[in-house]
>>> print(open('data32.cif').read())   # mmCIF, C-alpha atoms
data_structure
#
loop_
_atom_site.group_PDB
_atom_site.id
_atom_site.type_symbol
_atom_site.label_atom_id
_atom_site.label_comp_id
_atom_site.auth_asym_id
_atom_site.auth_seq_id
_atom_site.Cartn_x
_atom_site.Cartn_y
_atom_site.Cartn_z
ATOM 1 C CA MET F 1 126.933 88.387 81.166
ATOM 2 C CA ILE F 2 126.905 92.135 81.763
ATOM 3 C CA GLY F 3 127.663 93.427 78.264
ATOM 4 C CA ASN F 4 129.496 96.718 78.249
ATOM 5 C CA TRP F 5 129.565 97.015 82.030
ATOM 6 C CA GLY F 6 133.011 95.403 82.206
ATOM 7 C CA SER F 7 134.176 92.256 83.948
ATOM 8 C CA PRO F 8 131.242 90.313 85.463
ATOM 9 C CA VAL F 9 133.237 89.430 88.548
ATOM 10 C CA GLU F 10 134.443 92.992 89.047
ATOM 11 C CA ARG F 11 130.944 94.383 88.611
ATOM 12 C CA ALA F 12 129.360 91.854 90.978
ATOM 13 C CA VAL F 13 131.950 92.575 93.674
ATOM 14 C CA ARG F 14 131.379 96.329 93.306
ATOM 15 C CA ALA F 15 127.624 95.819 93.598
ATOM 16 C CA VAL F 16 127.980 93.701 96.725
ATOM 17 C CA ARG F 17 130.322 96.192 98.350
ATOM 18 C CA ALA F 18 127.741 98.888 97.736
ATOM 19 C CA VAL F 19 125.577 97.361 100.461
ATOM 20 C CA ARG F 20 127.905 98.605 103.169
ATOM 21 C CA GLY F 21 129.529 101.383 101.200
ATOM 22 C CA GLN F 22 128.473 104.928 100.501
ATOM 23 C CA SER F 23 127.193 104.391 96.947
ATOM 24 C CA ALA F 24 123.533 103.876 97.865
ATOM 25 C CA PRO F 25 122.375 107.230 99.273
ATOM 26 C CA VAL F 26 118.804 106.774 98.058
ATOM 27 C CA THR F 27 118.405 103.443 99.878
ATOM 28 C CA TYR F 28 119.827 104.775 103.123
ATOM 29 C CA GLY F 29 117.879 108.004 102.780
ATOM 30 C CA LEU F 30 114.605 106.110 102.346
ATOM 31 C CA ILE F 31 115.348 104.021 105.433
ATOM 32 C CA ALA F 32 116.168 107.102 107.497
ATOM 33 C CA LEU F 33 113.057 108.940 106.317
ATOM 34 C CA CYS F 34 110.709 106.012 107.036
ATOM 35 C CA CYS F 35 112.190 105.564 110.509
ATOM 36 C CA LEU F 36 111.933 109.285 111.268
ATOM 37 C CA VAL F 37 108.321 109.495 110.108
ATOM 38 C CA PHE F 38 107.393 106.491 112.229
ATOM 39 C CA VAL F 39 109.171 107.661 115.388
ATOM 40 C CA ILE F 40 107.628 111.141 115.383
ATOM 41 C CA GLY F 41 104.177 109.846 114.426
ATOM 42 C CA PRO F 42 101.553 108.259 116.686
ATOM 43 C CA GLY F 43 102.233 104.735 115.391
ATOM 44 C CA SER F 44 105.417 104.389 117.453
ATOM 45 C CA GLY F 45 103.694 105.371 120.699
ATOM 46 C CA LEU F 46 106.795 107.337 121.697
ATOM 47 C CA SER F 47 105.493 110.883 121.398
ATOM 48 C CA PRO F 48 103.593 112.131 124.467
ATOM 49 C CA ALA F 49 101.787 114.635 122.241
ATOM 50 C CA TYR F 50 99.398 111.913 121.091
ATOM 51 C CA GLY F 51 98.430 110.796 124.589
ATOM 52 C CA THR F 52 97.877 107.208 125.716
ATOM 53 C CA GLY F 53 95.167 104.570 125.680
ATOM 54 C CA ASP F 54 92.052 105.425 123.686
ATOM 55 C CA GLU F 55 93.387 108.878 122.906
ATOM 56 C CA LEU F 56 96.477 107.354 121.261
ATOM 57 C CA LEU F 57 94.397 104.843 119.279
ATOM 58 C CA SER F 58 92.175 107.646 118.022
ATOM 59 C CA ALA F 59 95.228 109.664 116.959
ATOM 60 C CA GLN F 60 96.650 106.636 115.145
ATOM 61 C CA ARG F 61 93.445 106.035 113.216
ATOM 62 C CA ALA F 62 93.228 109.686 112.170
ATOM 63 C CA TYR F 63 96.896 109.687 111.163
ATOM 64 C CA PHE F 64 96.584 106.559 109.028
ATOM 65 C CA GLU F 65 93.415 107.835 107.355
ATOM 66 C CA ARG F 66 95.096 111.133 106.509
ATOM 67 C CA TRP F 67 98.331 109.774 105.041
ATOM 68 C CA GLY F 68 97.329 106.250 104.038
ATOM 69 C CA VAL F 69 95.354 104.963 101.073
ATOM 70 C CA VAL F 70 91.612 104.610 101.611
ATOM 71 C CA PRO F 71 90.398 102.827 98.450
ATOM 72 C CA VAL F 72 86.846 104.120 98.617
ATOM 73 C CA GLU F 73 88.175 107.705 98.728
ATOM 74 C CA LEU F 74 90.980 107.331 96.191
ATOM 75 C CA PHE F 75 88.721 107.371 93.147
ATOM 76 C CA GLU F 76 86.677 110.374 94.227
ATOM 77 C CA GLY F 77 89.051 112.588 92.281
ATOM 78 C CA THR F 78 90.326 114.827 95.089
ATOM 79 C CA PRO F 79 93.974 115.928 94.849
ATOM 80 C CA ARG F 80 94.668 114.876 98.439
ATOM 81 C CA ALA F 81 93.444 111.324 97.881
ATOM 82 C CA ALA F 82 95.410 111.050 94.631
ATOM 83 C CA VAL F 83 98.749 111.538 96.403
ATOM 84 C CA THR F 84 98.091 109.069 99.224
ATOM 85 C CA PRO F 85 99.636 106.090 97.358
ATOM 86 C CA ALA F 86 102.887 108.072 97.561
ATOM 87 C CA THR F 87 102.592 109.335 101.144
ATOM 88 C CA ALA F 88 101.526 105.884 102.376
ATOM 89 C CA LEU F 89 104.943 104.517 101.344
ATOM 90 C CA PHE F 90 106.519 106.349 104.282
ATOM 91 C CA VAL F 91 103.958 105.406 106.943
ATOM 92 C CA HIS F 92 104.007 102.122 108.869
ATOM 93 C CA GLY F 93 101.471 100.552 111.184
ATOM 94 C CA SER F 94 103.715 99.001 113.833
ATOM 95 C CA TRP F 95 107.311 98.448 114.894
ATOM 96 C CA LEU F 96 107.309 94.983 113.350
ATOM 97 C CA HIS F 97 105.914 96.346 110.098
ATOM 98 C CA LEU F 98 108.601 99.047 109.954
ATOM 99 C CA LEU F 99 111.563 96.863 110.938
ATOM 100 C CA GLY F 100 110.585 94.059 108.585
ATOM 101 C CA ASN F 101 110.385 96.442 105.633
ATOM 102 C CA MET F 102 113.557 98.343 106.455
ATOM 103 C CA LEU F 103 115.562 95.149 106.950
ATOM 104 C CA PHE F 104 114.806 93.974 103.443
ATOM 105 C CA LEU F 105 115.257 97.406 101.902
ATOM 106 C CA TYR F 106 118.686 97.558 103.552
ATOM 107 C CA VAL F 107 119.722 94.102 102.365
ATOM 108 C CA PHE F 108 118.460 94.307 98.784
ATOM 109 C CA GLY F 109 118.107 98.011 98.012
ATOM 110 C CA ALA F 110 121.764 98.989 97.779
ATOM 111 C CA MET F 111 122.679 96.430 95.129
ATOM 112 C CA ALA F 112 119.631 97.353 93.056
ATOM 113 C CA GLU F 113 120.463 101.055 93.381
ATOM 114 C CA GLU F 114 124.069 100.430 92.403
ATOM 115 C CA ARG F 115 122.914 98.621 89.280
ATOM 116 C CA MET F 116 120.161 101.076 88.285
ATOM 117 C CA GLY F 117 121.757 104.363 89.319
ATOM 118 C CA HIS F 118 120.578 106.700 92.062
ATOM 119 C CA PHE F 119 117.996 108.783 90.200
ATOM 120 C CA ALA F 120 116.559 105.861 88.240
ATOM 121 C CA PHE F 121 116.302 103.805 91.428
ATOM 122 C CA ALA F 122 114.438 106.592 93.232
ATOM 123 C CA LEU F 123 111.917 106.872 90.391
ATOM 124 C CA PHE F 124 111.636 103.088 90.211
ATOM 125 C CA TYR F 125 110.974 102.811 93.954
ATOM 126 C CA LEU F 126 108.354 105.554 94.074
ATOM 127 C CA GLY F 127 106.699 104.602 90.794
ATOM 128 C CA CYS F 128 106.373 100.882 91.537
ATOM 129 C CA GLY F 129 105.291 101.599 95.092
ATOM 130 C CA TYR F 130 102.578 103.951 93.869
ATOM 131 C CA LEU F 131 101.366 101.426 91.298
ATOM 132 C CA ALA F 132 101.272 98.620 93.873
ATOM 133 C CA LEU F 133 99.083 100.588 96.285
ATOM 134 C CA PHE F 134 96.942 102.010 93.496
ATOM 135 C CA GLY F 135 96.411 98.513 92.111
ATOM 136 C CA TYR F 136 95.350 97.228 95.520
ATOM 137 C CA ALA F 137 92.902 100.112 95.882
ATOM 138 C CA ALA F 138 91.453 99.448 92.421
ATOM 139 C CA ALA F 139 90.858 95.797 93.345
ATOM 140 C CA HIS F 140 89.158 96.844 96.615
ATOM 141 C CA SER F 141 87.504 100.058 95.499
ATOM 142 C CA ASP F 142 84.660 99.721 97.988
ATOM 143 C CA SER F 143 86.931 99.244 101.008
ATOM 144 C CA ALA F 144 87.220 101.911 103.683
ATOM 145 C CA GLN F 145 90.206 100.273 105.404
ATOM 146 C CA THR F 146 93.437 102.234 105.232
ATOM 147 C CA LEU F 147 96.579 100.857 103.611
ATOM 148 C CA VAL F 148 100.072 102.056 104.534
ATOM 149 C CA GLY F 149 103.658 100.899 104.288
ATOM 150 C CA ALA F 150 106.590 100.574 101.903
ATOM 151 C CA SER F 151 105.853 96.900 101.247
ATOM 152 C CA GLY F 152 104.730 97.432 97.651
ATOM 153 C CA ALA F 153 107.835 99.432 96.751
ATOM 154 C CA ILE F 154 110.172 97.031 98.554
ATOM 155 C CA SER F 155 108.480 94.096 96.821
ATOM 156 C CA ALA F 156 109.403 95.808 93.543
ATOM 157 C CA VAL F 157 113.020 96.043 94.714
ATOM 158 C CA LEU F 158 112.971 92.325 95.520
ATOM 159 C CA GLY F 159 111.523 91.523 92.113
ATOM 160 C CA ALA F 160 114.205 93.532 90.325
ATOM 161 C CA PHE F 161 116.898 92.039 92.546
ATOM 162 C CA LEU F 162 115.755 88.514 91.796
ATOM 163 C CA TYR F 163 116.024 89.185 88.062
ATOM 164 C CA LEU F 164 119.350 91.030 88.191
ATOM 165 C CA PHE F 165 121.061 88.865 90.834
ATOM 166 C CA PRO F 166 119.141 85.547 90.919
ATOM 167 C CA LYS F 167 121.920 83.522 92.559
ATOM 168 C CA ALA F 168 123.506 86.221 94.703
ATOM 169 C CA ARG F 169 124.013 85.152 98.301
ATOM 170 C CA VAL F 170 122.906 87.649 100.922
ATOM 171 C CA THR F 171 123.591 87.699 104.627
ATOM 172 C CA SER F 172 120.441 88.097 106.728
ATOM 173 C CA LEU F 173 119.462 88.083 110.389
ATOM 174 C CA PHE F 174 116.664 85.645 111.191
ATOM 175 C CA PRO F 175 114.898 86.261 114.535
ATOM 176 C CA PHE F 176 113.916 82.612 114.960
ATOM 177 C CA LEU F 177 117.607 81.653 114.648
ATOM 178 C CA PHE F 178 118.664 84.041 117.439
ATOM 179 C CA PHE F 179 119.654 86.733 114.911
ATOM 180 C CA LEU F 180 122.658 84.748 113.690
ATOM 181 C CA PRO F 181 124.070 86.244 110.469
ATOM 182 C CA LEU F 182 123.594 83.521 107.844
ATOM 183 C CA ARG F 183 124.188 83.554 104.096
ATOM 184 C CA PHE F 184 121.521 82.251 101.747
ATOM 185 C CA PRO F 185 120.678 82.670 98.047
ATOM 186 C CA ALA F 186 118.168 85.421 97.365
ATOM 187 C CA TRP F 187 115.531 82.898 96.327
ATOM 188 C CA VAL F 188 115.698 81.396 99.845
ATOM 189 C CA VAL F 189 115.572 84.705 101.732
ATOM 190 C CA LEU F 190 112.680 86.292 99.840
ATOM 191 C CA PRO F 191 109.936 83.917 101.080
ATOM 192 C CA PHE F 192 110.902 84.827 104.651
ATOM 193 C CA TRP F 193 110.062 88.437 103.901
ATOM 194 C CA VAL F 194 106.587 87.406 102.776
ATOM 195 C CA SER F 195 106.119 85.432 105.999
ATOM 196 C CA LEU F 196 107.211 88.423 108.053
ATOM 197 C CA GLN F 197 104.640 90.612 106.352
ATOM 198 C CA TRP F 198 101.885 88.096 107.034
ATOM 199 C CA MET F 199 102.914 87.977 110.706
ATOM 200 C CA ALA F 200 102.799 91.768 110.955
ATOM 201 C CA ALA F 201 99.357 91.820 109.354
ATOM 202 C CA SER F 202 97.983 89.137 111.676
ATOM 203 C CA ARG F 203 99.093 91.042 114.775
ATOM 204 C CA ALA F 204 97.611 94.360 113.679
ATOM 205 C CA THR F 205 94.302 94.429 115.546
ATOM 206 C CA GLN F 206 94.209 98.225 115.255
ATOM 207 C CA GLY F 207 95.340 100.407 112.387
ATOM 208 C CA PRO F 208 95.734 100.013 108.636
ATOM 209 C CA ALA F 209 95.808 96.943 106.442
ATOM 210 C CA VAL F 210 98.924 95.252 105.132
ATOM 211 C CA ALA F 211 97.944 93.927 101.699
ATOM 212 C CA TYR F 212 99.448 90.824 100.158
ATOM 213 C CA LEU F 213 98.057 91.862 96.765
ATOM 214 C CA ALA F 214 100.132 95.050 96.889
ATOM 215 C CA HIS F 215 103.224 92.907 97.529
ATOM 216 C CA LEU F 216 102.451 90.721 94.530
ATOM 217 C CA LEU F 217 101.799 93.712 92.276
ATOM 218 C CA GLY F 218 104.980 95.444 93.400
ATOM 219 C CA PHE F 219 107.104 92.306 92.987
ATOM 220 C CA SER F 220 105.714 91.704 89.495
ATOM 221 C CA ALA F 221 106.262 95.327 88.485
ATOM 222 C CA GLY F 222 109.865 95.264 89.711
ATOM 223 C CA PHE F 223 110.681 91.986 87.981
ATOM 224 C CA LEU F 224 109.099 93.102 84.706
ATOM 225 C CA TYR F 225 110.858 96.464 84.842
ATOM 226 C CA ALA F 226 114.259 94.795 85.240
ATOM 227 C CA TRP F 227 113.448 92.320 82.469
ATOM 228 C CA VAL F 228 112.385 95.036 80.014
ATOM 229 C CA ARG F 229 114.995 97.616 81.006
ATOM 230 C CA TYR F 230 118.099 95.459 81.290
ATOM 231 C CA GLY F 231 117.385 92.263 79.371
ATOM 232 C CA ARG F 232 119.011 88.877 79.813
ATOM 233 C CA THR F 233 122.578 90.185 79.461
ATOM 234 C CA ALA F 234 122.243 92.285 82.633
ATOM 235 C CA ARG F 235 121.844 89.312 84.981
ATOM 236 C CA VAL F 236 124.620 88.069 87.266
ATOM 237 C CA LYS F 237 124.091 84.341 86.825
ATOM 238 C CA SER F 238 127.028 82.790 88.600
ATOM 239 C CA PRO F 239 126.677 82.364 92.386
ATOM 240 C CA ALA F 240 130.458 82.577 92.716
ATOM 241 C CA THR F 241 130.588 86.051 91.248
ATOM 242 C CA ALA F 242 128.164 87.339 93.852
ATOM 243 C CA THR F 243 130.027 85.809 96.777
ATOM 244 C CA GLU F 244 133.593 86.713 95.868
ATOM 245 C CA GLY F 245 134.527 89.628 98.084
ATOM 246 C CA GLU F 246 131.086 89.468 99.663
ATOM 247 C CA ASN F 247 130.429 92.177 102.228
ATOM 248 C CA GLN F 248 126.711 92.179 102.821
ATOM 249 C CA PRO F 249 124.867 93.243 105.967
#
>>> encode(input="data32.cif", output="structure tokens")
Amino acid sequence: MIGNWGSPVERAVRAVRAVRGQSAPVTYGLIALCCLVFVIGPGSGLSPAYGTGDELLSAQRAYFERWGVVPVELFEGTPRAAVTPATALFVHGSWLHLLGNMLFLYVFGAMAEERMGHFAFALFYLGCGYLALFGYAAAHSDSAQTLVGASGAISAVLGAFLYLFPKARVTSLFPFLFFLPLRFPAWVVLPFWVSLQWMAASRATQGPAVAYLAHLLGFSAGFLYAWVRYGRTARVKSPATATEGENQP
């Protein structure tokens, strides 16, 4: 089951408890940083420094173009453009975009971090997120539309989670069910995240793109990483082991 990691049940319970414990500082730090960047930026509409109306929209466009990925500029070879797939991971286009991403990072990130280790998880998150946005830009190299958001990196987390904990039950809050906390297997919850991203993209009449291709690339990269790095013996296969002592958000 888990090889030299000890009792499968004990390890699964420890991983689940990590979601509300203090053993996932990278996950919580990423959430805090993304929220802070959004609140102080023009995307939130909260800072009076960016004005209102057309002035605010102009500030948002300039902000997204500066920190987001612009595919047509990425391959020009400038150092600034080369780092945008990393900076774009911390920029979000709307409240719905931010909250949807942070919800799923909160639910799934802590268990993945507990399993991978803090430093490895941080590199995994940033590396897969960069690759997801870079891959999207390569497929749309003539596009001038900006791309921002942590979706690619979080998709990688979901992919790794699905491989490592395929039958783990997670407690989630679904808006269309009046935010009732309900427990579902990961394979049931994950499609809802995709739907949420599509809804955020459809409502974004102004601002950057939210790319489904980046989600797919990130998810594939995360799943493949977990498969190569941990192998079949690393998976928690029994649904009972993931629910015993469950303490998810």
>>> closest_residue(input="data32.cif", among="F:Ala150, F:Leu158, F:Leu126, F:Ala112", to="F:Ala24", atoms="all atoms listed in the file")
F:Ala112
>>> resolve_selection(input="data32.cif", expression="the PyMOL selection byres ((chain F and resi 142) around 7)", output="ChimeraX atom specification")
/F:71-72,140-141,143-144
>>> closest_residue(input="data32.cif", among="F:Phe104, F:Phe38, F:Phe219, F:Phe161", to="F:Cys128", atoms="only C-alpha atoms")
F:Phe219
>>> residues_around(input="data32.cif", residues="F:Phe119", least_positions_apart="4", cutoff="12 Å", atoms="only C-alpha atoms", output="ChimeraX atom specification")
/F:24-27,112-115,123-126
>>> residues_near_point(input="data32.cif", point="(112.1, 101.8, 103.0)", cutoff="9 Å", atoms="only C-alpha atoms", output="PDB file with C-alpha atoms, in the coordinates of the input")
ATOM      1  CA  THR F  27     118.405 103.443  99.878  1.00  0.00           C
ATOM      2  CA  TYR F  28     119.827 104.775 103.123  1.00  0.00           C
ATOM      3  CA  GLY F  29     117.879 108.004 102.780  1.00  0.00           C
ATOM      4  CA  LEU F  30     114.605 106.110 102.346  1.00  0.00           C
ATOM      5  CA  ILE F  31     115.348 104.021 105.433  1.00  0.00           C
ATOM      6  CA  ALA F  32     116.168 107.102 107.497  1.00  0.00           C
ATOM      7  CA  LEU F  33     113.057 108.940 106.317  1.00  0.00           C
ATOM      8  CA  CYS F  34     110.709 106.012 107.036  1.00  0.00           C
ATOM      9  CA  CYS F  35     112.190 105.564 110.509  1.00  0.00           C
ATOM     10  CA  LEU F  89     104.943 104.517 101.344  1.00  0.00           C
ATOM     11  CA  PHE F  90     106.519 106.349 104.282  1.00  0.00           C
ATOM     12  CA  LEU F  98     108.601  99.047 109.954  1.00  0.00           C
ATOM     13  CA  ASN F 101     110.385  96.442 105.633  1.00  0.00           C
ATOM     14  CA  MET F 102     113.557  98.343 106.455  1.00  0.00           C
ATOM     15  CA  LEU F 103     115.562  95.149 106.950  1.00  0.00           C
ATOM     16  CA  PHE F 104     114.806  93.974 103.443  1.00  0.00           C
ATOM     17  CA  LEU F 105     115.257  97.406 101.902  1.00  0.00           C
ATOM     18  CA  TYR F 106     118.686  97.558 103.552  1.00  0.00           C
ATOM     19  CA  GLY F 109     118.107  98.011  98.012  1.00  0.00           C
ATOM     20  CA  GLY F 149     103.658 100.899 104.288  1.00  0.00           C
ATOM     21  CA  ALA F 150     106.590 100.574 101.903  1.00  0.00           C
ATOM     22  CA  SER F 151     105.853  96.900 101.247  1.00  0.00           C
ATOM     23  CA  ALA F 153     107.835  99.432  96.751  1.00  0.00           C
ATOM     24  CA  ILE F 154     110.172  97.031  98.554  1.00  0.00           C
TER      25      ILE F 154
END
>>> atom_distance(input="data32.cif", atom1="atom CA of F:Asp54", atom2="atom CA of F:Ile40")
18.6 Å
>>> resolve_selection(input="data32.cif", expression="the PyMOL selection byres ((chain F and resi 131) around 9)", output="ChimeraX atom specification")
/F:85,126-130,132-136,152-153,214,217-218,221
>>> atom_distance(input="data32.cif", atom1="atom CA of F:Arg229", atom2="atom CA of F:Pro166")
16.2 Å
>>> atom_distance(input="data32.cif", atom1="atom CA of F:Leu224", atom2="atom CA of F:Ala156")
9.2 Å
>>> residues_around(input="data32.cif", residues="F:Gly159", least_positions_apart="3", cutoff="7 Å", atoms="only C-alpha atoms", output="NGL selection string")
:F and (155-156 or 162-163 or 219-220 or 222-223)
>>> axis_aligned_box(input="data32.cif", around="stretch 46-65 of chain F", padding_each_side="8 Å", output="JSON")
{"center_x": 99.4, "center_y": 109.6, "center_z": 116.5, "size_x": 30.7, "size_y": 26.1, "size_z": 34.4}
